[in-house]
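Asker: If you scroll down you'll find the structure; I have some questions about it.
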Amino acid sequence: MTKAKKVLIVEDDIFMRRFLTRFGVENDVAKDGETALELLKDNSYDCVFLDLNLGTGISGFEVLKNIKSDKPKTAVIIISGSDAKDETISMGADYFLAKPIDLIELKQVVEHYL
(Lines give C-alpha, C1' and ligand atoms only; values in the text may rest on other atoms or scores of the structure.)
Protein backbone atom coordinates (compact mmCIF):
# COMPACT_ATOMS: atom_id res chain seq x y z
CA MET A 1 0.00 0.00 0.00
CA THR A 2 1.40 3.38 -1.02
CA LYS A 3 1.83 6.01 1.66
CA ALA A 4 -0.46 9.01 1.17
CA LYS A 5 1.32 12.14 0.07
CA LYS A 6 1.15 15.16 2.35
CA VAL A 7 0.97 18.68 0.99
CA LEU A 8 1.11 22.15 2.50
CA ILE A 9 -0.91 24.78 0.69
CA VAL A 10 0.19 28.31 1.51
CA GLU A 11 -2.65 30.17 -0.14
CA ASP A 12 -5.91 31.75 0.93
CA ASP A 13 -7.89 30.31 -2.00
CA ILE A 14 -9.96 27.28 -0.92
CA PHE A 15 -10.17 26.13 -4.55
CA MET A 16 -6.65 24.69 -4.45
CA ARG A 17 -7.41 22.61 -1.37
CA ARG A 18 -10.61 21.23 -2.91
CA PHE A 19 -8.85 20.36 -6.13
CA LEU A 20 -5.99 18.54 -4.40
CA THR A 21 -8.29 16.46 -2.22
CA ARG A 22 -9.66 14.90 -5.43
CA PHE A 23 -6.26 13.23 -5.78
CA GLY A 24 -6.40 11.75 -2.29
CA VAL A 25 -3.81 14.22 -1.07
CA GLU A 26 -3.68 14.91 2.65
CA ASN A 27 -3.14 18.64 3.06
CA ASP A 28 -2.69 21.41 5.55
CA VAL A 29 -3.47 25.03 4.76
CA ALA A 30 -1.69 28.19 5.84
CA LYS A 31 -3.04 31.61 4.93
CA ASP A 32 0.16 33.46 5.87
CA GLY A 33 3.93 32.99 6.04
CA GLU A 34 4.08 32.73 9.82
CA THR A 35 1.60 29.85 9.94
CA ALA A 36 3.39 28.16 7.04
CA LEU A 37 6.73 28.25 8.86
CA GLU A 38 5.14 26.83 12.03
CA LEU A 39 3.56 23.97 10.08
CA LEU A 40 6.84 23.31 8.25
CA LYS A 41 8.68 23.14 11.56
CA ASP A 42 6.25 20.60 13.02
CA ASN A 43 5.44 18.47 9.94
CA SER A 44 7.03 16.77 6.96
CA TYR A 45 5.55 17.53 3.54
CA ASP A 46 6.15 15.95 0.15
CA CYS A 47 5.23 19.17 -1.61
CA VAL A 48 4.37 22.79 -0.83
CA PHE A 49 2.11 24.89 -3.04
CA LEU A 50 3.20 28.43 -2.21
CA ASP A 51 1.59 31.73 -3.17
CA LEU A 52 4.11 34.57 -3.24
CA ASN A 53 1.55 37.22 -2.28
CA LEU A 54 0.82 36.49 1.37
CA GLY A 55 -0.10 40.00 2.45
CA THR A 56 1.65 41.35 5.52
CA GLY A 57 4.32 39.56 7.52
CA ILE A 58 6.63 36.91 6.14
CA SER A 59 6.64 36.86 2.34
CA GLY A 60 6.34 33.86 0.06
CA PHE A 61 9.96 34.48 -0.94
CA GLU A 62 11.05 34.10 2.71
CA VAL A 63 9.02 30.91 3.07
CA LEU A 64 10.66 29.54 -0.09
CA LYS A 65 14.15 30.39 1.23
CA ASN A 66 13.34 28.69 4.52
CA ILE A 67 12.05 25.51 2.88
CA LYS A 68 15.02 25.18 0.57
CA SER A 69 17.40 25.82 3.46
CA ASP A 70 15.80 23.48 6.02
CA LYS A 71 14.11 20.85 3.84
CA PRO A 72 15.77 20.99 0.41
CA LYS A 73 14.16 17.76 -0.84
CA THR A 74 10.64 19.14 -0.37
CA ALA A 75 9.18 20.12 -3.75
CA VAL A 76 7.95 23.72 -3.88
CA ILE A 77 5.39 24.77 -6.47
CA ILE A 78 5.02 28.55 -6.71
CA ILE A 79 1.54 29.92 -7.41
CA SER A 80 1.58 33.55 -8.46
CA GLY A 81 0.18 36.22 -10.68
CA SER A 82 3.53 38.02 -10.65
CA ASP A 83 6.37 37.71 -13.12
CA ALA A 84 8.77 36.21 -10.57
CA LYS A 85 9.21 32.87 -12.34
CA ASP A 86 12.94 33.21 -13.06
CA GLU A 87 13.67 34.56 -9.59
CA THR A 88 11.81 31.80 -7.75
CA ILE A 89 13.25 29.03 -9.91
CA SER A 90 16.76 30.40 -9.23
CA MET A 91 15.90 30.30 -5.50
CA GLY A 92 15.12 26.59 -5.75
CA ALA A 93 11.41 26.42 -6.58
CA ASP A 94 10.59 23.27 -8.52
CA TYR A 95 7.79 24.69 -10.64
CA PHE A 96 5.94 27.97 -11.26
CA LEU A 97 2.17 28.00 -11.82
CA ALA A 98 0.95 31.33 -13.18
CA LYS A 99 -2.41 32.69 -12.05
CA PRO A 100 -5.06 32.33 -13.26
CA ILE A 101 -4.27 28.65 -12.89
CA ASP A 102 -4.83 26.37 -15.86
CA LEU A 103 -6.58 23.25 -14.51
CA ILE A 104 -4.89 20.94 -17.01
CA GLU A 105 -1.46 22.25 -16.02
CA LEU A 106 -2.33 21.99 -12.32
CA LYS A 107 -3.41 18.37 -12.79
CA GLN A 108 -0.13 17.59 -14.59
CA VAL A 109 1.90 19.22 -11.81
CA VAL A 110 0.05 17.27 -9.14
CA GLU A 111 0.58 14.01 -11.01
CA HIS A 112 4.26 14.76 -11.54
CA TYR A 113 5.18 15.87 -8.02
CA LEU A 114 2.87 13.59 -6.07
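Following the order of the C-alpha coordinates, chains are lettered A, B, ..., residues in each are numbered from 1, and ligands are numbered from 1.
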Would you mind listing what lies within 8 Å of Leu50 (chain A) as a VMD selection string, with only C-alpha atoms counted and same-chain residues fewer than 3 positions away left out?
Answerer: chain A and resid 9 to 11 60 64 76 to 79
Asker: Give the helix (DSSP H, G or I) residues of chain A, as DSSP finds them on the backbone, and put them as a ChimeraX atom specification.
Answerer: /A:14-21,33-42,60-70,85-90,103-113
Asker: Quick one: residues within 12 Å of His112 (chain A), only C-alpha atoms counted, chain neighbours fewer than 3 positions away excluded, as a list in words?
Answerer: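 Returned residues: Asp46, Cys47, Ala75, Ile77, Asp94, Tyr95, Glu105, Leu106, Lys107, Gln108 and Val109 of chain A.
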Asker: For the strand (DSSP E) assignment from backbone DSSP, which residues of region 66-109 of chain A qualify? Please present them as a list in words.
Answerer: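 Reading the DSSP output for region 66-109 of chain A, strand (DSSP E) covers Ala75, Val76, Ile77, Ile78, Ile79, Ser80, Tyr95, Phe96, Leu97 and Ala98 of chain A.
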Asker: Of the candidates A:Ser69, A:Ser59, A:Ser90, A:Thr21, which one gets nearest to Ala36 (chain A) if we count only C-alpha atoms?
Answerer: A:Ser59
Asker: Taking only C-alpha atoms into account, name the residue in A:Phe61, A:Tyr45, A:Tyr113, A:Phe23 that is nearest to Lys6 (chain A).
Answerer: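 Checking each of A:Phe61, A:Tyr45, A:Tyr113, A:Phe23 against Lys6 (chain A), counting only C-alpha atoms, the winner is A:Tyr45.
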